[in-house]
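K.L.:
I'd like to ask some things about the structure below.
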Amino acid sequence: MAEWQDPHKLTEGEFLDQVHSFEFWFGTVEGYLHDRPYGFDAETEEIEMDDRRKDGLITTLCNYCIGETAALEASSGMIAFAPDRASKIFLSTQVADEGRHLEVLLHRLSMLGVRDPEREIEARANKSLLRFKERLLEFVDSRDWEAAVFAQNVILESLEFTVFRTHAQNADPITKQILQGIVIDERRHMGFGENDLGRRLILAPHTHDRLDRIKRELDSLVLTTFKQTLGELGLEGDEAPDLASDYLGAVARLGF
Amino acid sequence: MTNFLSGYSIQKWLESCPQGYLEDTVYGHEAGEKEPEGLFDNELLREGQIRSTCNLVLGERAALAASSGLVNCAPDYKSKTFLATQTLDEARHVEIFTQRLFDLGVSPADLEDTLNEFGNPHLVKFAEVLLEKVDKGDFVAGVVGQNIVLEGMAFSVFEMLHAGAQEDNPKFAHTLSGTIADERRHVGFGENRIGALIKQYPEKKAECERMQAEMSGHMLATFASAFKEGEASNEEARRLQKEQGKESHAMYHGVDLAQADTAEMEAVLADTVLKEFKTRLGRIGLEYQSPIAA
């Protein structure tokens, strides 16, 4: 792989070109994807799950597939109107990441006995998440870069990051490894969104109000999704992790 | 369909591409490989290489726009995930050919101007025909245009450039061999996936065939002007080889590229690509159409 220059010696543009490149992505994912077909160590043994737990897990994974399909369709659609070549290349690495997430989750569903994932996903879909996907793709279709990056790389990625990280703590060993691999990717995608929007907000502070309105609209969909996901995973009541605070904290880094 | 598509999964892609033939490469070639020194002492030769590389960048940018645009309109998850890998492949090609322009002395600040100066206008029109289908969300025509026509053309062009570079420019030859391996996979997906869809939507045939004829016309016009513009640079390379007493024989489909004139080279490339189109279109149930003159 390429030997990277000392980032302190690079101009801002050179630094962004470097971290948004295929070469950089390749070097990054190599470490945690090598020898982990479908996102987990093949030696890992499946644990016994009772029917209720298994069914809850299937519903959760079906909804993760909806989130990842939304991210796949949004990130691929955004390439056409990304403002520069480095962003186009970064987004194409994100497209492959999201495609991989979808693939490993579908594979996990098949391991859990789901024969027709497309039908199962449709049947178990969370309505708030579907509405979120719809809104996100509307931003993409209207080629609204700021709104699309915000909804996709900040809100959706923060949502997934928060849920997956929390779920990984309580998950069976196979699902846990899969989610941990996805979380590493999500952190990279959030970094891109924060970095891109952070620079734009400095140059155009009025953008903040517009994005804030989008956030308020999408927050209710995100919070309902959290509540339903925790229910599916059997994490309710006082023992439930405070996903809402985690999510709002992640988004607050941008001043929202 | 399910079994064939599992051969195009991201897992397969990870194992065969980044963890396979790209392992230990830097921008697609071996670490430490450089452009031949002689290129930098001769402006005519350097400009010839910049010109052809600019067209590779433009072709790959079109492929990136098309494959990413097709993800949304793909009818099933497996096609979506395959197109996700293709999107990243195309972005990698944009990156490595852009890097080659930098290696040839183009400064990043001058990149877009250089592409505008040397980019072939017929290639731009070729891409426009395809991107119009993608913008309309037409998956069948988009995949035929992208994975059969564009990729079929790119595959043959890369093979010809590879044959020409093998002896004199191992760095560029190595860069090309990775892209050839990628294009082979993309063409394979197109043939396999789209055949079933053409059977399912026979009403799409006429539109796809018309698009192929139009794209082929722009492709031939691209070849004609590219070979004409590259003539002086080719002659210069031959003159230098003769002066240095070097003899090279780069064979491509029975033609010695080191000895053939530009008309012969253009003819063998056009003939190869059009024959490939005929074969591949036939496999997916489409009838090859003669190019519409651009």
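Starting from 1 in every chain, residues are counted up; chains themselves are A, B, ... following the order of the structure tokens, and ligands are numbered from 1 as listed.
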Might you pull out every residue within 12 Å of Asp209 in chain A, with only C-alpha atoms counted and same-chain residues fewer than 6 positions away left off, and present them as a list of chain:residue names?
P.N.:
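Answer for this query is A:Glu146, A:Ala147, A:Leu201, A:Lys215, A:Arg216, A:Gly255, A:Phe256.
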K.L.:
Any chance you could export the current selection's C-alpha atoms as a short mmCIF file (atom, residue, chain, number, x, y, z; two decimals), in the first residue's frame?
P.N.:
```
data_model
loop_
_atom_site.label_atom_id
_atom_site.label_comp_id
_atom_site.auth_asym_id
_atom_site.auth_seq_id
_atom_site.Cartn_x
_atom_site.Cartn_y
_atom_site.Cartn_z
CA GLU A 146 -25.85 19.61 2.50
CA ALA A 147 -29.16 18.02 3.44
CA LEU A 201 -20.97 25.70 8.37
CA LYS A 215 -32.74 17.46 12.28
CA ARG A 216 -35.89 18.30 14.22
CA GLY A 255 -23.52 22.22 17.16
CA PHE A 256 -27.02 20.83 16.71
#
```
K.L.:
Excluding same-chain residues fewer than 5 positions from Glu73 in chain A, what lies within 8 Å of it counting only C-alpha atoms, as a ChimeraX atom specification?
P.N.:
/A:137 /B:71-72
K.L.:
Quick one: contact table of range 227-280 of chain B to range 137-150 of chain B, 10 Å max, nearest atom pair and distance in Å to one decimal per residue, counting only C-alpha atoms, chain and number order, as JSON lines?
P.N.:
```
{"residue": "B:Val273", "atom": "CA", "partner": "B:Val149", "partner_atom": "CA", "distance": 9.0}
{"residue": "B:Leu274", "atom": "CA", "partner": "B:Val149", "partner_atom": "CA", "distance": 9.4}
{"residue": "B:Glu276", "atom": "CA", "partner": "B:Ile148", "partner_atom": "CA", "distance": 9.2}
{"residue": "B:Phe277", "atom": "CA", "partner": "B:Val149", "partner_atom": "CA", "distance": 6.9}
{"residue": "B:Arg280", "atom": "CA", "partner": "B:Ile148", "partner_atom": "CA", "distance": 7.1}
```
K.L.:
Within 8 Å of chain A, which residues belong to chain B? Use only C-alpha atoms and report them as a ChimeraX atom specification.
P.N.:
/B:9-11,18-19,23-27,31,65,68-69,71-72,78,80-82,84-85,87-88,91-92,95
K.L.:
Can you tell me which residues surround Arg200 in chain A at a distance of at most 12 Å, considering only C-alpha atoms, apart from same-chain residues fewer than 2 positions away, and format the answer as an MDAnalysis selection string?
P.N.:
chainID A and resid 83 145:147 149:150 193:198 202:208 211 254
K.L.:
Those selected residues, please, written with C-alpha atoms and delivered as a PDB file, in the first residue's frame.
P.N.:
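Output (part-v4.pdb):
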```pdb
ATOM      1  CA  PRO A  83     -18.784  18.806  -5.046  1.00  0.00           C
ATOM      2  CA  TRP A 145     -25.725  18.044  -0.960  1.00  0.00           C
ATOM      3  CA  GLU A 146     -25.846  19.614   2.496  1.00  0.00           C
ATOM      4  CA  ALA A 147     -29.159  18.024   3.445  1.00  0.00           C
ATOM      5  CA  VAL A 149     -24.733  14.602   3.835  1.00  0.00           C
ATOM      6  CA  PHE A 150     -26.434  15.700   7.032  1.00  0.00           C
ATOM      7  CA  GLY A 193     -19.935  14.051   7.256  1.00  0.00           C
ATOM      8  CA  GLU A 194     -18.743  16.009  10.260  1.00  0.00           C
ATOM      9  CA  ASN A 195     -15.665  17.213   8.427  1.00  0.00           C
ATOM     10  CA  ASP A 196     -17.511  18.227   5.271  1.00  0.00           C
ATOM     11  CA  LEU A 197     -20.389  19.962   7.035  1.00  0.00           C
ATOM     12  CA  GLY A 198     -18.128  21.490   9.677  1.00  0.00           C
ATOM     13  CA  ILE A 202     -17.966  27.939   8.965  1.00  0.00           C
ATOM     14  CA  LEU A 203     -18.248  29.360   5.443  1.00  0.00           C
ATOM     15  CA  ALA A 204     -22.055  29.591   5.421  1.00  0.00           C
ATOM     16  CA  PRO A 205     -23.428  29.850   8.976  1.00  0.00           C
ATOM     17  CA  HIS A 206     -26.999  30.345   7.690  1.00  0.00           C
ATOM     18  CA  THR A 207     -26.932  26.674   6.600  1.00  0.00           C
ATOM     19  CA  HIS A 208     -27.130  25.792  10.288  1.00  0.00           C
ATOM     20  CA  LEU A 211     -30.063  21.720   8.828  1.00  0.00           C
ATOM     21  CA  LEU A 254     -21.704  19.706  15.002  1.00  0.00           C
TER      22      LEU A 254
END
```
K.L.:
Hey, which of A:Glu120, A:Glu232, A:Glu46, A:Asp141 ends up closest to His167 in chain A? Count only C-alpha atoms.
P.N.:
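Of A:Glu120, A:Glu232, A:Glu46, A:Asp141, the one nearest His167 in chain A, counting only C-alpha atoms, is A:Glu232.
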K.L.:
For Leu109 in chain A, find every residue with an atom within 12 Å (counting only C-alpha atoms), except residues of its own chain fewer than 4 positions away, and show them as a PyMOL selection string.
P.N.:
chain A and resi 38+54-65+102-105+113-118+120-121+174-175+178
